[in-house]
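Structure file run_30.cif with mmCIF, C-alpha atoms:
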data_structure
#
loop_
_atom_site.label_atom_id
_atom_site.label_comp_id
_atom_site.auth_asym_id
_atom_site.auth_seq_id
_atom_site.Cartn_x
_atom_site.Cartn_y
_atom_site.Cartn_z
CA MET A 7 -14.24 -56.60 120.25
CA LEU A 8 -12.68 -54.45 117.54
CA THR A 9 -13.50 -56.86 114.70
CA ARG A 10 -16.64 -58.96 114.80
CA ILE A 11 -17.69 -61.63 112.32
CA VAL A 12 -21.36 -62.42 112.66
CA ALA A 13 -24.09 -63.68 110.29
CA ASP A 14 -21.79 -63.48 107.25
CA ARG A 15 -20.98 -59.87 108.04
CA VAL A 16 -17.76 -58.28 109.24
CA TYR A 17 -17.74 -55.08 111.26
CA ASP A 18 -14.35 -53.59 112.01
CA TYR A 19 -13.94 -50.70 114.44
CA SER A 20 -12.08 -47.88 112.71
CA HIS A 21 -11.55 -44.82 114.92
CA VAL A 22 -13.15 -42.01 116.88
CA VAL A 23 -13.57 -38.35 115.97
CA GLY A 24 -14.36 -35.73 118.58
CA GLY A 25 -13.32 -33.42 121.37
CA ARG A 26 -14.26 -30.02 122.73
CA GLN A 27 -14.63 -28.68 119.20
CA ILE A 28 -17.96 -30.53 118.91
CA THR A 29 -19.47 -30.31 122.39
CA GLY A 30 -23.25 -30.30 122.30
CA MET A 31 -23.28 -32.68 119.34
CA LEU A 32 -26.76 -34.14 118.81
CA THR A 33 -26.80 -35.67 115.34
CA LEU A 34 -25.14 -35.50 111.92
CA THR A 35 -25.72 -36.01 108.23
CA LEU A 36 -23.44 -36.92 105.36
CA GLY A 37 -22.42 -34.52 102.58
CA GLN A 38 -20.32 -35.25 99.53
CA ASP A 39 -16.89 -36.88 99.65
CA ASP A 40 -15.63 -36.66 103.26
CA ASP A 41 -17.95 -33.84 104.34
CA VAL A 42 -20.09 -34.34 107.44
CA PHE A 43 -22.54 -31.77 108.84
CA VAL A 44 -22.74 -32.02 112.64
CA LEU A 45 -25.58 -30.42 114.60
CA LEU A 46 -24.35 -28.84 117.83
CA ARG A 47 -27.11 -27.93 120.29
CA ARG A 48 -25.92 -25.64 123.06
CA PRO A 49 -27.87 -23.27 125.35
CA GLN A 50 -26.01 -20.21 124.08
CA ASN A 51 -24.54 -21.19 120.72
CA SER A 52 -26.26 -23.81 118.58
CA ASN A 53 -24.89 -24.25 115.09
CA ILE A 54 -24.09 -26.59 112.23
CA THR A 55 -20.39 -27.47 112.07
CA LYS A 56 -19.12 -28.81 108.76
CA ILE A 57 -16.15 -31.13 109.15
CA THR A 58 -14.29 -33.67 107.06
CA ILE A 59 -13.95 -37.24 108.24
CA GLY A 60 -11.67 -39.37 106.12
CA GLN A 61 -10.84 -43.01 106.60
CA THR A 62 -7.53 -42.39 108.36
CA PRO A 63 -7.56 -41.55 112.09
CA GLY A 64 -6.47 -37.98 112.69
CA ASP A 65 -7.31 -36.52 109.28
CA GLU A 66 -10.51 -34.80 110.44
CA GLU A 67 -10.75 -31.02 110.04
CA ILE A 68 -13.33 -28.31 110.75
CA LEU A 69 -14.31 -26.48 107.55
CA THR A 70 -16.94 -23.98 108.65
CA GLN A 71 -19.75 -23.26 111.10
CA PHE A 72 -23.07 -21.56 110.46
CA GLY A 73 -26.21 -20.60 112.33
CA THR A 74 -26.53 -18.78 115.62
CA ARG A 75 -29.00 -18.41 118.47
CA GLY A 76 -32.15 -16.48 117.68
CA ALA A 77 -35.55 -16.59 116.02
CA GLY A 78 -34.71 -14.82 112.76
CA GLY A 79 -33.85 -16.23 109.38
CA GLY A 80 -30.83 -18.52 109.58
CA GLU A 81 -31.02 -18.68 113.38
CA PHE A 82 -31.85 -21.54 115.78
CA MET A 83 -33.33 -21.83 119.22
CA TRP A 84 -33.39 -25.61 119.76
CA PRO A 85 -32.27 -27.43 116.60
CA ALA A 86 -32.91 -31.17 116.53
CA GLY A 87 -32.34 -32.77 113.12
CA VAL A 88 -30.25 -32.20 110.00
CA ALA A 89 -30.34 -33.62 106.47
CA VAL A 90 -28.76 -32.84 103.09
CA ASP A 91 -30.38 -32.97 99.63
CA SER A 92 -28.80 -33.86 96.28
CA ASP A 93 -27.56 -30.27 95.81
CA GLU A 94 -25.97 -30.44 99.28
CA ASN A 95 -28.41 -27.92 100.69
CA VAL A 96 -28.74 -28.39 104.45
CA TYR A 97 -32.14 -28.70 106.19
CA VAL A 98 -32.35 -28.17 109.97
CA THR A 99 -35.41 -28.77 112.15
CA ASP A 100 -36.00 -26.54 115.18
CA GLU A 101 -38.12 -27.89 118.04
CA TRP A 102 -38.65 -24.53 119.71
CA LEU A 103 -39.50 -22.57 116.57
CA HIS A 104 -41.50 -25.44 114.98
CA ARG A 105 -39.86 -24.98 111.59
CA VAL A 106 -37.26 -26.13 109.09
CA SER A 107 -34.42 -23.82 108.00
CA VAL A 108 -32.50 -24.35 104.76
CA PHE A 109 -28.90 -23.38 103.99
CA ASP A 110 -26.52 -23.99 101.12
CA LYS A 111 -23.46 -26.18 101.69
CA ASP A 112 -21.38 -23.17 102.73
CA GLY A 113 -23.90 -21.98 105.30
CA ALA A 114 -25.70 -19.20 103.43
CA PHE A 115 -29.34 -19.02 104.57
CA LEU A 116 -31.83 -19.82 101.80
CA ARG A 117 -35.33 -20.12 103.27
CA MET A 118 -37.45 -21.51 106.08
CA PHE A 119 -40.90 -23.05 106.32
CA GLY A 120 -43.33 -24.46 108.86
CA GLY A 121 -44.75 -22.95 112.00
CA PRO A 122 -46.58 -24.09 115.13
CA GLY A 123 -49.76 -26.10 114.70
CA SER A 124 -51.22 -29.44 113.68
CA GLY A 125 -52.31 -28.68 110.13
CA PRO A 126 -50.52 -29.76 106.94
CA GLY A 127 -47.04 -28.25 106.83
CA GLN A 128 -47.20 -27.17 110.49
CA PHE A 129 -45.21 -28.77 113.30
CA ASN A 130 -45.21 -29.38 117.02
CA ARG A 131 -41.60 -29.93 118.13
CA PRO A 132 -40.18 -31.39 114.89
CA SER A 133 -37.06 -33.49 115.39
CA GLY A 134 -35.71 -36.07 112.94
CA ILE A 135 -35.50 -35.32 109.23
CA ALA A 136 -34.56 -37.48 106.23
CA ILE A 137 -34.50 -36.88 102.47
CA ASP A 138 -35.28 -39.48 99.80
CA ASP A 139 -33.80 -39.90 96.31
CA ASN A 140 -36.38 -37.47 94.90
CA ASP A 141 -35.35 -34.75 97.38
CA ASP A 142 -38.64 -35.09 99.25
CA LEU A 143 -38.43 -34.54 103.00
CA TYR A 144 -39.74 -36.71 105.82
CA VAL A 145 -39.99 -34.93 109.18
CA SER A 146 -40.77 -36.44 112.57
CA ASP A 147 -43.53 -34.14 113.82
CA THR A 148 -42.86 -35.32 117.33
CA LEU A 149 -45.63 -33.94 119.51
CA ASN A 150 -48.18 -34.27 116.72
CA HIS A 151 -47.18 -37.95 116.80
CA ARG A 152 -46.86 -38.22 113.04
CA VAL A 153 -44.44 -38.08 110.14
CA GLN A 154 -44.96 -35.49 107.42
CA LYS A 155 -43.72 -35.71 103.84
CA LEU A 156 -42.98 -32.38 102.13
CA ASP A 157 -41.14 -31.13 99.09
CA LYS A 158 -37.92 -29.15 99.53
CA PHE A 159 -39.87 -25.88 99.67
CA GLY A 160 -42.08 -27.08 102.50
CA ASN A 161 -45.21 -27.96 100.54
CA PRO A 162 -46.84 -30.94 102.33
CA SER A 163 -48.09 -34.03 100.52
CA ILE A 164 -48.90 -36.78 103.02
CA ALA A 165 -48.79 -37.38 106.77
CA PHE A 166 -49.00 -40.68 108.58
CA GLY A 167 -49.28 -41.77 112.18
CA GLN A 168 -51.33 -40.71 115.17
CA ARG A 169 -50.83 -41.05 118.90
CA GLY A 170 -51.10 -44.63 120.08
CA ASP A 171 -49.25 -47.93 120.37
CA GLY A 172 -50.95 -49.95 117.64
CA ASP A 173 -49.48 -50.80 114.25
CA GLY A 174 -48.78 -47.57 112.37
CA GLU A 175 -49.42 -45.44 115.44
CA LEU A 176 -46.65 -43.35 117.02
CA ASN A 177 -45.71 -41.86 120.37
CA ALA A 178 -43.18 -39.02 120.09
CA PRO A 179 -41.33 -40.22 116.97
CA TRP A 180 -37.74 -39.01 116.79
CA GLY A 181 -35.04 -40.07 114.30
CA LEU A 182 -35.95 -41.58 110.94
CA THR A 183 -34.37 -42.68 107.68
CA VAL A 184 -35.37 -43.60 104.13
CA ASP A 185 -33.97 -46.65 102.33
CA SER A 186 -33.14 -47.02 98.64
CA CYS A 187 -36.67 -48.29 97.92
CA GLY A 188 -38.29 -45.26 99.52
CA CYS A 189 -39.43 -47.05 102.68
CA VAL A 190 -39.37 -44.99 105.87
CA TYR A 191 -38.05 -46.31 109.20
CA VAL A 192 -39.08 -44.37 112.31
CA ALA A 193 -37.64 -44.46 115.83
CA ASP A 194 -40.92 -44.63 117.75
CA HIS A 195 -39.31 -43.16 120.85
CA LYS A 196 -41.88 -43.61 123.61
CA ASN A 197 -43.23 -46.87 122.19
CA HIS A 198 -39.67 -48.30 122.40
CA ARG A 199 -39.68 -49.69 118.88
CA ILE A 200 -38.87 -49.11 115.22
CA GLN A 201 -41.65 -48.98 112.64
CA LYS A 202 -41.28 -49.37 108.89
CA PHE A 203 -43.66 -47.70 106.42
CA ASP A 204 -43.75 -47.74 102.63
CA ALA A 205 -43.35 -44.56 100.57
CA ASP A 206 -47.08 -43.85 100.87
CA GLY A 207 -47.03 -44.09 104.65
CA GLU A 208 -48.60 -47.55 104.87
CA PHE A 209 -47.45 -49.68 107.82
CA VAL A 210 -45.06 -52.55 106.92
CA PHE A 211 -43.69 -53.92 110.21
CA ARG A 212 -42.56 -53.04 113.69
CA LEU A 213 -39.49 -54.14 115.59
CA GLY A 214 -38.88 -54.16 119.34
CA GLU A 215 -40.47 -53.53 122.70
CA LEU A 216 -39.38 -52.08 126.04
CA GLY A 217 -36.44 -53.88 127.64
CA ASP A 218 -32.69 -54.41 127.56
CA GLY A 219 -32.40 -57.74 125.74
CA GLU A 220 -32.33 -58.67 122.07
CA MET A 221 -35.29 -57.30 120.12
CA GLN A 222 -35.82 -54.79 122.94
CA PHE A 223 -35.12 -51.06 123.23
CA ASP A 224 -35.34 -48.30 125.79
CA HIS A 225 -36.33 -45.00 124.14
CA PRO A 226 -34.65 -45.48 120.72
CA THR A 227 -33.60 -42.16 119.20
CA ASP A 228 -32.48 -42.96 115.66
CA VAL A 229 -32.35 -45.63 112.97
CA ALA A 230 -30.23 -46.21 109.86
CA VAL A 231 -30.39 -48.70 106.99
CA ASP A 232 -27.47 -49.80 104.82
CA PRO A 233 -27.60 -50.77 101.10
CA GLU A 234 -28.03 -54.47 102.03
CA GLY A 235 -31.10 -53.63 104.09
CA ASP A 236 -29.49 -54.14 107.51
CA ILE A 237 -31.11 -51.96 110.17
CA TYR A 238 -29.18 -50.12 112.92
CA VAL A 239 -31.05 -48.86 115.97
CA CYS A 240 -29.69 -46.25 118.37
CA ASP A 241 -30.88 -47.74 121.68
CA TRP A 242 -30.46 -44.60 123.76
CA VAL A 243 -31.03 -45.51 127.42
CA ASN A 244 -29.45 -48.97 126.92
CA ASN A 245 -26.21 -47.26 125.76
CA ARG A 246 -25.86 -49.31 122.60
CA VAL A 247 -26.59 -49.70 118.90
CA GLN A 248 -28.29 -52.89 117.76
CA ALA A 249 -28.13 -54.34 114.23
CA TYR A 250 -30.88 -56.37 112.50
CA ASP A 251 -31.24 -57.78 109.02
CA ALA A 252 -33.93 -56.69 106.56
CA ASP A 253 -36.35 -59.25 108.01
CA ALA A 254 -35.83 -57.88 111.53
CA ASN A 255 -33.63 -60.78 112.72
CA TYR A 256 -31.08 -59.81 115.36
CA ILE A 257 -27.43 -59.62 114.18
CA THR A 258 -25.23 -57.98 116.81
CA THR A 259 -24.84 -55.18 119.37
CA PHE A 260 -22.29 -52.37 119.39
CA SER A 261 -21.38 -50.96 122.81
CA GLY A 262 -18.49 -48.66 121.87
CA ASP A 263 -14.82 -49.42 121.26
CA ALA A 264 -12.95 -46.11 121.54
CA GLN A 265 -9.75 -47.50 123.05
CA GLU A 266 -7.71 -44.66 121.53
CA LEU A 267 -8.52 -40.98 122.03
CA SER A 268 -9.54 -38.86 119.07
CA LYS A 269 -7.01 -36.41 117.64
CA TRP A 270 -8.66 -33.38 119.22
CA GLN A 271 -9.19 -35.03 122.59
CA HIS A 272 -5.60 -36.33 122.64
CA GLU A 273 -4.37 -32.77 122.09
CA TYR A 274 -6.55 -31.57 124.97
CA VAL A 275 -5.29 -34.22 127.38
CA LEU A 276 -1.63 -33.54 126.55
CA SER A 277 -2.13 -29.81 127.08
CA ASN A 278 -3.71 -30.32 130.54
CA PRO A 279 -1.29 -32.04 132.97
CA ASP A 280 -3.95 -32.58 135.65
CA VAL A 281 -6.23 -34.37 133.18
CA TYR A 282 -3.32 -36.44 131.91
CA LYS A 283 -2.38 -37.52 135.46
CA ALA A 284 -5.99 -38.29 136.41
CA ARG A 285 -6.40 -40.64 133.43
CA ARG A 286 -3.25 -42.52 134.41
CA ARG A 287 -4.46 -43.04 137.99
CA VAL A 288 -7.69 -44.87 137.18
CA TYR A 289 -7.86 -48.64 137.50
CA SER A 290 -9.25 -49.11 134.01
CA LEU A 291 -10.10 -46.85 131.07
CA GLU A 292 -12.56 -49.35 129.66
CA PRO A 293 -15.68 -47.37 130.72
CA GLU A 294 -14.35 -44.54 128.55
CA TRP A 295 -14.48 -46.78 125.46
CA ARG A 296 -18.22 -47.34 125.69
CA PHE A 297 -21.21 -45.38 124.48
CA ALA A 298 -22.96 -43.10 126.95
CA LEU A 299 -26.51 -42.31 125.80
CA PRO A 300 -25.73 -42.49 122.06
CA MET A 301 -28.08 -40.20 120.19
CA ALA A 302 -27.81 -40.85 116.46
CA VAL A 303 -26.62 -43.42 113.95
CA LYS A 304 -25.90 -42.97 110.24
CA PHE A 305 -24.62 -45.35 107.58
CA ASP A 306 -22.27 -44.04 104.89
CA PRO A 307 -23.00 -46.18 101.80
CA VAL A 308 -20.05 -44.82 99.81
CA LYS A 309 -17.43 -45.76 102.40
CA SER A 310 -19.49 -48.62 103.88
CA ARG A 311 -19.19 -47.40 107.44
CA LEU A 312 -21.42 -46.84 110.44
CA LEU A 313 -21.15 -43.55 112.35
CA VAL A 314 -22.50 -43.40 115.91
CA VAL A 315 -23.00 -40.05 117.65
CA ASP A 316 -21.84 -40.41 121.27
CA PRO A 317 -22.73 -36.93 122.59
CA GLN A 318 -21.96 -37.33 126.30
CA ARG A 319 -18.32 -37.89 125.31
CA TRP A 320 -18.34 -35.32 122.45
CA ARG A 321 -17.44 -37.82 119.76
CA ILE A 322 -18.38 -40.00 116.80
CA GLN A 323 -17.38 -43.67 116.81
CA ILE A 324 -16.90 -45.28 113.39
CA TYR A 325 -17.23 -48.92 112.30
CA ASN A 326 -16.40 -50.20 108.81
CA LYS A 327 -18.60 -52.88 107.27
CA LEU A 328 -16.13 -54.98 105.28
CA ASP A 329 -16.50 -57.07 102.14
CA ASN A 330 -14.08 -59.84 101.13
CA TYR A 331 -12.61 -60.12 104.62
CA ASP A 332 -9.93 -62.82 104.91
CA ASP A 333 -9.94 -64.58 108.26
CA PRO A 334 -6.38 -65.77 109.00
CA GLN A 335 -5.90 -69.24 110.41
CA PHE A 336 -3.51 -69.72 113.31
CA ASN A 337 -2.05 -72.84 114.86
CA ILE A 338 -1.41 -71.96 118.47
#

For the file at hand, write its structure as structure tokens.
Amino acid sequence: MLTRIVADRVYDYSHVVGGRQITGMLTLTLGQDDDVFVLLRRPQNSNITKITIGQTPGDEEILTQFGTRGAGGGEFMWPAGVAVDSDENVYVTDEWLHRVSVFDKDGAFLRMFGGPGSGPGQFNRPSGIAIDDNDDLYVSDTLNHRVQKLDKFGNPSIAFGQRGDGDGELNAPWGLTVDSCGCVYVADHKNHRIQKFDADGEFVFRLGELGDGEMQFDHPTDVAVDPEGDIYVCDWVNNRVQAYDADANYITTFSGDAQELSKWQHEYVLSNPDVYKARRRVYSLEPEWRFALPMAVKFDPVKSRLLVVDPQRWRIQIYNKLDNYDDPQFNI
């Protein structure tokens, strides 16, 4: 379903961006205008790739890449999360090096902070990262089973969560986001749920349990919130993204709708006759449209669109959330 009207909302599938240029894609964050910073995690060459994604299919371009494999300043071993502050500085978590590295928008290395441990400002396999309107950072300190809040220089202020499955407890938290009110939503990965906390780290509510139905997740990896308070959950093993309203009522499920190839992937297929022939021999291309272990989800409030990172197929699928949609009437 390319256009869905549900619960007074309209979601319209837009297009897909991807191809071999962004293999190893794990997550992304939004810069200014059409800029998107994509984290590529590869065994030999992890980096941040800055691309533009406009609203017209085919207008995407690669602007620059920065970061390389290593343990020195400006280098990565196993990057996991990326976020951008109000000055468009780029913050990247590194699971292997237990730290956060900071770059300017053009990729110049600025600083790094953190280190292995369980004390304030230390990390054990940090993953997701989000930045609030005050440029404070929230980092999923995954194997310390907590979320830490720090300033942009790495000075810690609060931490919340401990290992467990009760309210406010976490088990390997992964992706997270901050809404316009400063509330923090955490993908509680191994507890198969989303938890919401206020800006001080106090528990607000939880959503979900293990399963494949509505209100159920299987190892969620990321969460996003739009300006209306709707919540989007990247339901990793269930190969889908689920949407809920601000009160945690189910809205709809996205399973992937990439019926047309991206610009870069179309160029690849046309330049490889064997691949072109193989795609024409299959009974149906529908499995290719769908998500395969989607890893991250972000909402662009400026363009009112949802971006889903579909890493197994090296692509980003994009849905527009429409206002003032006119539903035509037909007499058939």

* To do: Go ahead and compute the interatomic distance for CA of Asp204 (chain A) and CA of Ala13 (chain A), in Å to one decimal.
  => 26.4 Å

* To do: Up to 12 Å from (-11.6, -34.0, 105.4) in the file's coordinates: name the residues, counting all atoms listed in the file, as an MDAnalysis selection string.
  => chainID A and resid 23 37:43 56:70

* Top pick for closest residue to Leu291 (chain A), considering A:Leu116, A:Leu267, A:Val210, A:Leu313 and counting only C-alpha atoms ->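 Smallest separation from Leu291 (chain A) among the options: A:Leu267.
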
* Between CA of Tyr325 (chain A) and CA of Asp185 (chain A), what is the distance, to one decimal in Å? -> 19.6 Å

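Once Gly127 (chain A) and its same-chain neighbours fewer than 6 positions away are set aside, Gly120, Gly160, Asn161 and Pro162 of chain A remain within 7 Å of it when counting all atoms listed in the file.
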
* Using the chain letters and residue numbers of this document, give as a PyMOL selection string the residues selected by the PyMOL selection byres ((chain A and resi 92) around 10). => chain A and resi 37-38+90-91+93-96+137-141

Output file for the residues above (C-alpha atoms, as a short mmCIF file (atom, residue, chain, number, x, y, z; two decimals), keeping the file's coordinate frame):
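Contents of the output file part.cif:
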data_model
loop_
_atom_site.label_atom_id
_atom_site.label_comp_id
_atom_site.auth_asym_id
_atom_site.auth_seq_id
_atom_site.Cartn_x
_atom_site.Cartn_y
_atom_site.Cartn_z
CA GLY A 37 -22.42 -34.52 102.58
CA GLN A 38 -20.32 -35.25 99.53
CA VAL A 90 -28.76 -32.84 103.09
CA ASP A 91 -30.38 -32.97 99.63
CA ASP A 93 -27.56 -30.27 95.81
CA GLU A 94 -25.97 -30.44 99.28
CA ASN A 95 -28.41 -27.92 100.69
CA VAL A 96 -28.74 -28.39 104.45
CA ILE A 137 -34.50 -36.88 102.47
CA ASP A 138 -35.28 -39.48 99.80
CA ASP A 139 -33.80 -39.90 96.31
CA ASN A 140 -36.38 -37.47 94.90
CA ASP A 141 -35.35 -34.75 97.38
#

* Near Glu101 (chain A), counting all atoms listed in the file, which residues have an atom at most 10 Å away, once you skip same-chain residues fewer than 4 positions from it, shown as number ranges by chain? -> A: 82-87, 105-106, 122, 129-134, 147-149

* Give the answer as one residue: which of A:His272, A:Arg26, A:Arg152, A:His104 has the shortest atom-to-atom distance to Phe203 (chain A), using all atoms listed in the file? =>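 For Phe203 (chain A), the nearest of the given residues is A:Arg152.
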
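With distances taken over all atoms listed in the file, A:Val231 is the one residue among A:Arg117, A:Phe260, A:Phe72, A:Val231 lying closest to Gly188 (chain A).
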
* For the file shown, what are the residues hit by the PyMOL selection byres ((chain A and resi 312) around 8), laid out as a ChimeraX atom specification? -> /A:303-306,310-311,313-314,324-327

* At what distance in Å, to one decimal, does CA of Ile28 (chain A) lie from CA of Met118 (chain A)? ->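 Computing it gives 25.0 Å between the two atoms.
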